[in-house]
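S.K.: Would you mind keeping the following structure in view while I ask a few things?
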Amino acid sequence: MSTLRVKSITSLRAEFSVPGDKSISHRAAIFGGLSNGVCEISNFLPSEDCLNTLKAMGSLGARYEVLEGLEGYGPIKLRIHGQSMRLSAPEAPIDCGNSGTGMRLLAGLLAGQTFTSELFGDASLSSRPMGRITLPLAEMGANLETLGQKPGCAPLRIHEAKLHPIDYEMPMASAQVKSAVLLAGLFANGTTSVTQPSVTRDHTERMMAAFKLRCETVGNKISVVGGQIPQACDIKVPGDISSAAFWLVAAAAMPGSRLVLQDVGLNPTRTAILKVLSRMGAHLTEISHTSQGEPIGHIEIQGAALKGTTLLAEEIPNLIDEIPVIAVAAALATGETHIRGARELRVKETDRITTTVENLRKMGVDVEEFEDGMLIRGGSPLHGAEIESHGDHRIAMAFCMAGLFAKGETVVRGTDCINTSYPGFSHHLNAIQLEKTKPEDFNLPIVSK
Ligand code: S3P
């Protein structure tokens with residue numbers, strides 16, 4: 001099990017870019033593999049989660065070639081050969097690793113095939129709820145079994161089935177569930193619709209548009225007609241704002257700092273973190289342009305003495321992955337920060353309410369835990385501690401940020417999991433600790449094929 005050791009810094013003045021967006025990379029691999037030709041994907045995230053989805057598409061017949069790779073990790077530029085919606089039976093069960101997105105989207109894709117397939121994952125993924133996708137997919141006529149020791153959990157066995165469209169009222173605000181149903185809808189005869197209780201990340205809808213699939217959004221209802229074939233196109237994946245969030249918080253909470261993160265995805269269904277940091281007192285500028293339907297741009301942030309805030313109910317789905325690091329920002333801010341209505345955190349890679357609260361307390365933070373969130377009374381100095389990631393990448397990275405502000409050394413245990421979303425994180429952390437400033441100090445080693 002690997003460990004990261006972090007000491008406090010006094011200055012953060014840097015300019016660099018973070019790796020590609022995880023959500024968009026999964027979808028690029030899936031839609032590229034379904035398309036009617038060859039697609040070049042650049043700035044693909046070579047993380048374990050996305051590699052598993054890419055390999056899954058390979059095992060379903062969508063061959064890919066690596067054009068450029070990140071040394072020690074995987075492809076960042078690749079060419080994928082689309083199968084015009086005709087997938088072939090995989091030879092073996094498909095490994096989704098740690099990825100809820102991978103498993104749920106692939107389940108939607110596989111629900112309406114002419115062959116049986118199986119999806120499995122690691123211990124964390126095998127304890128996460130799959131009923132949220134198996135129920136709507138079953139309503140569409142899918143024949144799915146959950147084979148896990150825990151009821152309703154993975155592995156999933158997906159038998160061949162002929163799907164019919166549904167009009168689904170989604171009970172929770174989940175982009176994964178929405179995407180699973182829409183992907184299944186592409187294999188059903190007629191119009192499949194999903195109505196979401198509040199806006200969730202819309203990368204699937206934007207990716208469908210990039211591949212010239214008709215997908216209509218009216219209010220909170222998204223509809224897709226089955227039988228369409230994605231038209232091959234090239235995709236440039238923007239930097240992941242959820243990875244950027246770690247450095248944004250570190251810079252925001254450090255008066256005198258200035259950080260520029262280049263080419264970050266600025267999709268409005270993902271940028272609630274920026275609003276929250278501004279509310280807390282950080283000075284933020286976004287310079288954006290659009291590329292293939294996904295807004296992308298530079299973020300400049302200047303640190304300040306932060307103050308506590310209240311996360312709004314409608315913001316929660318649009319910053320759900322950032323809550324552990326927002327909790328760290330809250331610990332560094334004066335006053336109270338209220339995070340409620342975030343029960344979904346309990347079914348992420350870990351129960352992120354418990355793992356965040358437990359680790360904040362270890363660093364001396366006054367925090368109260370609720371079933372659906374937490375109340376943080378910030379502003380007291382943090383002290384270094386032994387932090388447990390519990391195998392959760394976002395917990396590991398969030399507490400590395402806390403370590404940058406703590407008195408004494410912070411030891412974060414179980415940091416291998418960071419590779420599921422941020423390959424090269426430790427290199428960037430090292431550069432920040434050495435108070436490096438230039439983009440080239442943050443470059444990761446790329447190998448061309
Ligand atoms: C994701 C959606 C979110 C998010 C996850 C990625 C996606 O999950 O937490 O990291 O790519 O669709 P839910 O849709 O379950 O909230």
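So you can find residues: chains in the structure tokens are A, B, ... in the order shown, residues in each start at 1, and ligands are numbered from 1 in order.
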Taking only residues of chain A that have an atom at most 6 Å from an atom of ligand 1, what is each one's shortest atom pair and its distance in Å to one decimal, using only C-alpha atoms and all ligand atoms, in chain and number order, as a Markdown table?
M.R.:
| residue | atom | partner | partner_atom_place_in_ligand_line | distance |
| --- | --- | --- | --- | --- |
| A:Ser23 | CA | ligand 1 | 11 (O) | 3.7 |
| A:Thr101 | CA | ligand 1 | 11 (O) | 5.2 |
| A:Ser174 | CA | ligand 1 | 14 (O) | 3.4 |
| A:Ala175 | CA | ligand 1 | 14 (O) | 3.5 |
| A:Gln176 | CA | ligand 1 | 14 (O) | 3.9 |
| A:Ile320 | CA | ligand 1 | 9 (O) | 5.8 |
| A:Asp321 | CA | ligand 1 | 9 (O) | 5.2 |
S.K.: Could those residues be written to a file, using all heavy atoms, as a JSON list (two decimals), in the first residue's frame?
M.R.:
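This is the output file part30.json:
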[["chain", "number", "residue", "atom", "x", "y", "z"],
["A", 23, "SER", "N", -15.24, 11.60, -16.69],
["A", 23, "SER", "CA", -16.59, 11.33, -17.22],
["A", 23, "SER", "C", -16.59, 11.37, -18.75],
["A", 23, "SER", "O", -17.20, 10.52, -19.41],
["A", 23, "SER", "CB", -17.57, 12.38, -16.71],
["A", 23, "SER", "OG", -17.76, 12.24, -15.33],
["A", 101, "THR", "N", -19.12, 4.60, -12.84],
["A", 101, "THR", "CA", -19.51, 5.12, -14.16],
["A", 101, "THR", "C", -19.33, 4.03, -15.20],
["A", 101, "THR", "O", -20.22, 3.77, -16.01],
["A", 101, "THR", "CB", -18.66, 6.35, -14.53],
["A", 101, "THR", "OG1", -18.74, 7.30, -13.47],
["A", 101, "THR", "CG2", -19.12, 6.98, -15.82],
["A", 174, "SER", "N", -28.87, 11.35, -10.76],
["A", 174, "SER", "CA", -27.66, 10.60, -11.11],
["A", 174, "SER", "C", -27.42, 10.60, -12.61],
["A", 174, "SER", "O", -28.24, 10.11, -13.39],
["A", 174, "SER", "CB", -27.78, 9.15, -10.60],
["A", 174, "SER", "OG", -26.79, 8.35, -11.20],
["A", 175, "ALA", "N", -26.26, 11.14, -13.00],
["A", 175, "ALA", "CA", -25.89, 11.15, -14.43],
["A", 175, "ALA", "C", -25.58, 9.74, -14.91],
["A", 175, "ALA", "O", -25.75, 9.43, -16.09],
["A", 175, "ALA", "CB", -24.69, 12.05, -14.64],
["A", 176, "GLN", "N", -25.12, 8.90, -13.99],
["A", 176, "GLN", "CA", -24.80, 7.53, -14.39],
["A", 176, "GLN", "C", -26.08, 6.77, -14.76],
["A", 176, "GLN", "O", -26.12, 6.06, -15.76],
["A", 176, "GLN", "CB", -24.07, 6.81, -13.27],
["A", 176, "GLN", "CG", -22.71, 7.42, -12.97],
["A", 176, "GLN", "CD", -22.00, 6.75, -11.80],
["A", 176, "GLN", "OE1", -22.54, 5.85, -11.16],
["A", 176, "GLN", "NE2", -20.79, 7.19, -11.52],
["A", 320, "ILE", "N", -20.87, 17.03, -6.49],
["A", 320, "ILE", "CA", -20.88, 15.87, -5.59],
["A", 320, "ILE", "C", -19.47, 15.30, -5.39],
["A", 320, "ILE", "O", -19.09, 14.95, -4.27],
["A", 320, "ILE", "CB", -21.90, 14.80, -6.10],
["A", 320, "ILE", "CG1", -22.12, 13.71, -5.06],
["A", 320, "ILE", "CG2", -21.50, 14.21, -7.45],
["A", 320, "ILE", "CD1", -23.03, 14.11, -3.95],
["A", 321, "ASP", "N", -18.66, 15.25, -6.45],
["A", 321, "ASP", "CA", -17.32, 14.66, -6.33],
["A", 321, "ASP", "C", -16.34, 15.59, -5.62],
["A", 321, "ASP", "O", -15.27, 15.17, -5.19],
["A", 321, "ASP", "CB", -16.76, 14.31, -7.71],
["A", 321, "ASP", "CG", -17.54, 13.17, -8.36],
["A", 321, "ASP", "OD1", -18.25, 12.43, -7.65],
["A", 321, "ASP", "OD2", -17.45, 13.03, -9.60]]
S.K.: Within 10 Å of A:Leu306, counting only C-alpha atoms, which residues qualify if same-chain residues fewer than 5 places away don't, as a list in words?
M.R.: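 The neighbour list is Ala252, Ala253, Met254, Pro255, Leu277, Ser278, Arg279, Met280, Gly281, Ala282, Ala329, Ala330, Ala331, Leu332, Ala333, Thr334, Gly335, Gly378 and Gly379 of chain A.
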S.K.: Which neighbours of A:Ile432 fall inside 9 Å, counting only C-alpha atoms, when residues of the same chain fewer than 2 positions from it are skipped, and could you give them as a CSV table (one decimal) with C-alpha atoms, in the first residue's frame?
M.R.:
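To be explicit, this is the file written out as around_14.csv:
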chain,number,residue,atom,x,y,z
A,9,ILE,CA,3.8,25.2,2.1
A,11,SER,CA,3.2,29.9,-1.3
A,12,LEU,CA,1.4,28.4,-4.3
A,13,ARG,CA,2.1,30.3,-7.5
A,14,ALA,CA,1.8,28.0,-10.5
A,427,HIS,CA,4.3,14.4,-9.5
A,428,HIS,CA,2.1,17.5,-9.3
A,429,LEU,CA,2.0,17.4,-5.5
A,430,ASN,CA,5.7,17.2,-5.5
A,434,LEU,CA,8.9,22.3,-4.2
A,435,GLU,CA,7.1,25.6,-4.9
A,436,LYS,CA,7.6,25.2,-8.7
A,437,THR,CA,5.8,27.7,-10.9
A,442,PHE,CA,4.3,19.9,-14.1
S.K.: Could you check which of A:Thr134, A:Ser448, A:Ser243, A:Gln228 is closest to A:Tyr422, using only C-alpha atoms?
M.R.: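 Of the candidates, the smallest distance to A:Tyr422 is held by A:Ser243.
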S.K.: Leaving out stretch 29-40 of chain A and any residue of its chain fewer than 5 positions from it, which residues lie within 10 Å of it when counting only C-alpha atoms, given as a PyMOL selection string?
M.R.: chain A and resi 24+50-51+53-58+60-67+77-87+102+105-106+109+183+204+207-208+210-211+228-236
S.K.: Produce a table with one row for each residue of stretch 397-447 of chain A that has an atom at most 12 Å from any atom of stretch 354-359 of chain A, each row naming the nearest atom pair and its distance in Å at one decimal; use only C-alpha atoms; arrange rows by chain and rising residue number; format as a Markdown table.
M.R.:
| residue | atom | partner | partner_atom | distance |
| --- | --- | --- | --- | --- |
| A:Met397 | CA | A:Thr356 | CA | 11.4 |
| A:Ala398 | CA | A:Thr356 | CA | 8.9 |
| A:Phe399 | CA | A:Asn359 | CA | 7.7 |
| A:Cys400 | CA | A:Asn359 | CA | 11.2 |
| A:Ala402 | CA | A:Asn359 | CA | 9.9 |
| A:Gly403 | CA | A:Asn359 | CA | 11.3 |
| A:Thr410 | CA | A:Asn359 | CA | 11.0 |
| A:Val411 | CA | A:Asn359 | CA | 11.3 |
| A:Val412 | CA | A:Asn359 | CA | 10.0 |
| A:Arg413 | CA | A:Asn359 | CA | 11.4 |
S.K.: Could you tell me which of A:Leu4, A:Val181, A:Val249, A:Val260 comes closest to A:Tyr168 if we count only C-alpha atoms?
M.R.: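 Of the candidates, the smallest distance to A:Tyr168 is held by A:Val181.
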S.K.: Run DSSP on the backbone and grab whatever in stretch 216-364 of chain A lands in strand (DSSP E or B); send it over as a tab-separated table (two decimals) with N, CA and C atoms, in the first residue's frame.
M.R.:
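Saved result, part_11.tsv, follows:
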chain	number	residue	atom	x	y	z
A	216	GLU	N	-32.82	14.98	-27.37
A	216	GLU	CA	-33.50	16.24	-27.10
A	216	GLU	C	-33.65	16.46	-25.59
A	217	THR	N	-33.35	17.66	-25.14
A	217	THR	CA	-33.55	18.00	-23.73
A	217	THR	C	-34.61	19.09	-23.64
A	218	VAL	N	-35.70	18.78	-22.94
A	218	VAL	CA	-36.73	19.79	-22.70
A	218	VAL	C	-36.93	19.86	-21.19
A	221	LYS	N	-36.22	16.78	-18.94
A	221	LYS	CA	-36.50	15.51	-19.63
A	221	LYS	C	-35.59	15.36	-20.84
A	222	ILE	N	-34.90	14.23	-20.92
A	222	ILE	CA	-33.98	13.98	-22.02
A	222	ILE	C	-34.50	12.76	-22.80
A	223	SER	N	-34.58	12.89	-24.13
A	223	SER	CA	-35.14	11.82	-24.94
A	223	SER	C	-34.20	11.45	-26.07
A	224	VAL	N	-34.17	10.16	-26.36
A	224	VAL	CA	-33.35	9.69	-27.47
A	224	VAL	C	-34.13	8.62	-28.25
A	225	VAL	N	-33.96	8.65	-29.57
A	225	VAL	CA	-34.66	7.66	-30.41
A	225	VAL	C	-33.70	6.50	-30.69
A	235	ILE	N	-12.50	13.52	-30.82
A	235	ILE	CA	-12.87	14.14	-29.55
A	235	ILE	C	-11.61	14.62	-28.84
A	236	LYS	N	-11.65	15.87	-28.38
A	236	LYS	CA	-10.56	16.36	-27.52
A	236	LYS	C	-11.14	16.51	-26.12
A	239	GLY	N	-9.53	19.17	-19.63
A	239	GLY	CA	-9.01	18.81	-18.30
A	239	GLY	C	-10.17	18.61	-17.32
A	258	ARG	N	-1.46	32.45	-6.39
A	258	ARG	CA	-2.07	32.68	-7.71
A	258	ARG	C	-1.85	31.40	-8.51
A	259	LEU	N	-2.97	30.83	-8.95
A	259	LEU	CA	-2.89	29.58	-9.70
A	259	LEU	C	-3.65	29.74	-10.99
A	260	VAL	N	-3.04	29.29	-12.10
A	260	VAL	CA	-3.76	29.25	-13.37
A	260	VAL	C	-3.80	27.80	-13.81
A	261	LEU	N	-5.01	27.27	-14.02
A	261	LEU	CA	-5.14	25.92	-14.54
A	261	LEU	C	-5.66	26.04	-15.97
A	262	GLN	N	-4.91	25.40	-16.89
A	262	GLN	CA	-5.19	25.60	-18.32
A	262	GLN	C	-6.13	24.51	-18.86
A	263	ASP	N	-6.95	24.92	-19.80
A	263	ASP	CA	-7.79	23.98	-20.58
A	263	ASP	C	-8.60	23.02	-19.71
A	264	VAL	N	-9.32	23.59	-18.78
A	264	VAL	CA	-10.17	22.79	-17.90
A	264	VAL	C	-11.59	22.78	-18.48
A	265	GLY	N	-12.28	21.66	-18.33
A	265	GLY	CA	-13.68	21.59	-18.74
A	265	GLY	C	-14.51	22.52	-17.87
A	283	HIS	N	-10.78	34.77	-5.20
A	283	HIS	CA	-10.92	35.62	-6.39
A	283	HIS	C	-10.68	34.74	-7.60
A	284	LEU	N	-11.70	34.66	-8.45
A	284	LEU	CA	-11.66	33.70	-9.54
A	284	LEU	C	-11.99	34.32	-10.89
A	285	THR	N	-11.26	33.93	-11.92
A	285	THR	CA	-11.59	34.38	-13.27
A	285	THR	C	-11.62	33.15	-14.17
A	286	GLU	N	-12.62	33.11	-15.05
A	286	GLU	CA	-12.69	32.02	-16.03
A	286	GLU	C	-12.54	32.63	-17.41
A	287	ILE	N	-11.68	32.07	-18.22
A	287	ILE	CA	-11.58	32.52	-19.61
A	287	ILE	C	-11.96	31.31	-20.44
A	288	SER	N	-13.15	31.34	-21.04
A	288	SER	CA	-13.60	30.10	-21.66
A	288	SER	C	-13.83	30.21	-23.16
A	289	HIS	N	-13.73	29.08	-23.84
A	289	HIS	CA	-14.13	28.95	-25.24
A	289	HIS	C	-14.76	27.56	-25.35
A	290	THR	N	-15.38	27.27	-26.49
A	290	THR	CA	-16.07	25.98	-26.59
A	290	THR	C	-15.38	25.08	-27.60
A	291	SER	N	-15.32	23.80	-27.27
A	291	SER	CA	-14.73	22.85	-28.20
A	291	SER	C	-15.64	21.64	-28.25
A	294	GLU	N	-18.33	20.98	-25.56
A	294	GLU	CA	-17.95	21.05	-24.14
A	294	GLU	C	-17.18	22.34	-23.90
A	295	PRO	N	-17.71	23.25	-23.08
A	295	PRO	CA	-16.96	24.47	-22.79
A	295	PRO	C	-15.63	24.13	-22.11
A	296	ILE	N	-14.62	24.88	-22.47
A	296	ILE	CA	-13.27	24.58	-21.97
A	296	ILE	C	-12.56	25.92	-21.77
A	297	GLY	N	-11.66	26.03	-20.81
A	297	GLY	CA	-10.99	27.31	-20.63
A	297	GLY	C	-9.98	27.29	-19.51
A	298	HIS	N	-9.42	28.47	-19.25
A	298	HIS	CA	-8.44	28.60	-18.17
A	298	HIS	C	-9.15	29.15	-16.93
A	299	ILE	N	-8.70	28.71	-15.79
A	299	ILE	CA	-9.23	29.25	-14.54
A	299	ILE	C	-8.06	29.90	-13.80
A	300	GLU	N	-8.26	31.14	-13.41
A	300	GLU	CA	-7.24	31.79	-12.57
A	300	GLU	C	-7.85	32.04	-11.20
A	301	ILE	N	-7.12	31.68	-10.18
A	301	ILE	CA	-7.65	31.85	-8.83
A	301	ILE	C	-6.59	32.50	-7.95
A	302	GLN	N	-7.04	33.44	-7.13
A	302	GLN	CA	-6.13	34.09	-6.19
A	302	GLN	C	-6.63	33.83	-4.78
A	307	LYS	N	-14.15	32.32	4.02
A	307	LYS	CA	-15.20	32.27	5.06
A	307	LYS	C	-16.16	31.12	4.73
A	310	THR	N	-22.86	27.93	2.83
A	310	THR	CA	-23.86	26.84	2.86
A	310	THR	C	-24.00	26.33	1.43
A	334	THR	N	-12.99	30.62	8.05
A	334	THR	CA	-13.56	30.99	9.35
A	334	THR	C	-15.08	30.83	9.28
A	335	GLY	N	-15.67	30.44	10.37
A	335	GLY	CA	-17.13	30.31	10.43
A	335	GLY	C	-17.60	28.92	10.03
A	336	GLU	N	-18.91	28.81	9.91
A	336	GLU	CA	-19.52	27.49	9.69
A	336	GLU	C	-19.77	27.23	8.21
A	337	THR	N	-19.59	25.98	7.81
A	337	THR	CA	-20.01	25.55	6.47
A	337	THR	C	-21.02	24.42	6.64
A	338	HIS	N	-22.16	24.59	5.99
A	338	HIS	CA	-23.24	23.61	6.11
A	338	HIS	C	-23.33	22.82	4.80
A	339	ILE	N	-23.22	21.51	4.92
A	339	ILE	CA	-23.36	20.63	3.75
A	339	ILE	C	-24.47	19.64	4.08
S.K.: Work out how far atom CA of A:His393 is from atom CA of A:Pro324, in Å to one decimal.
M.R.: 10.5 Å
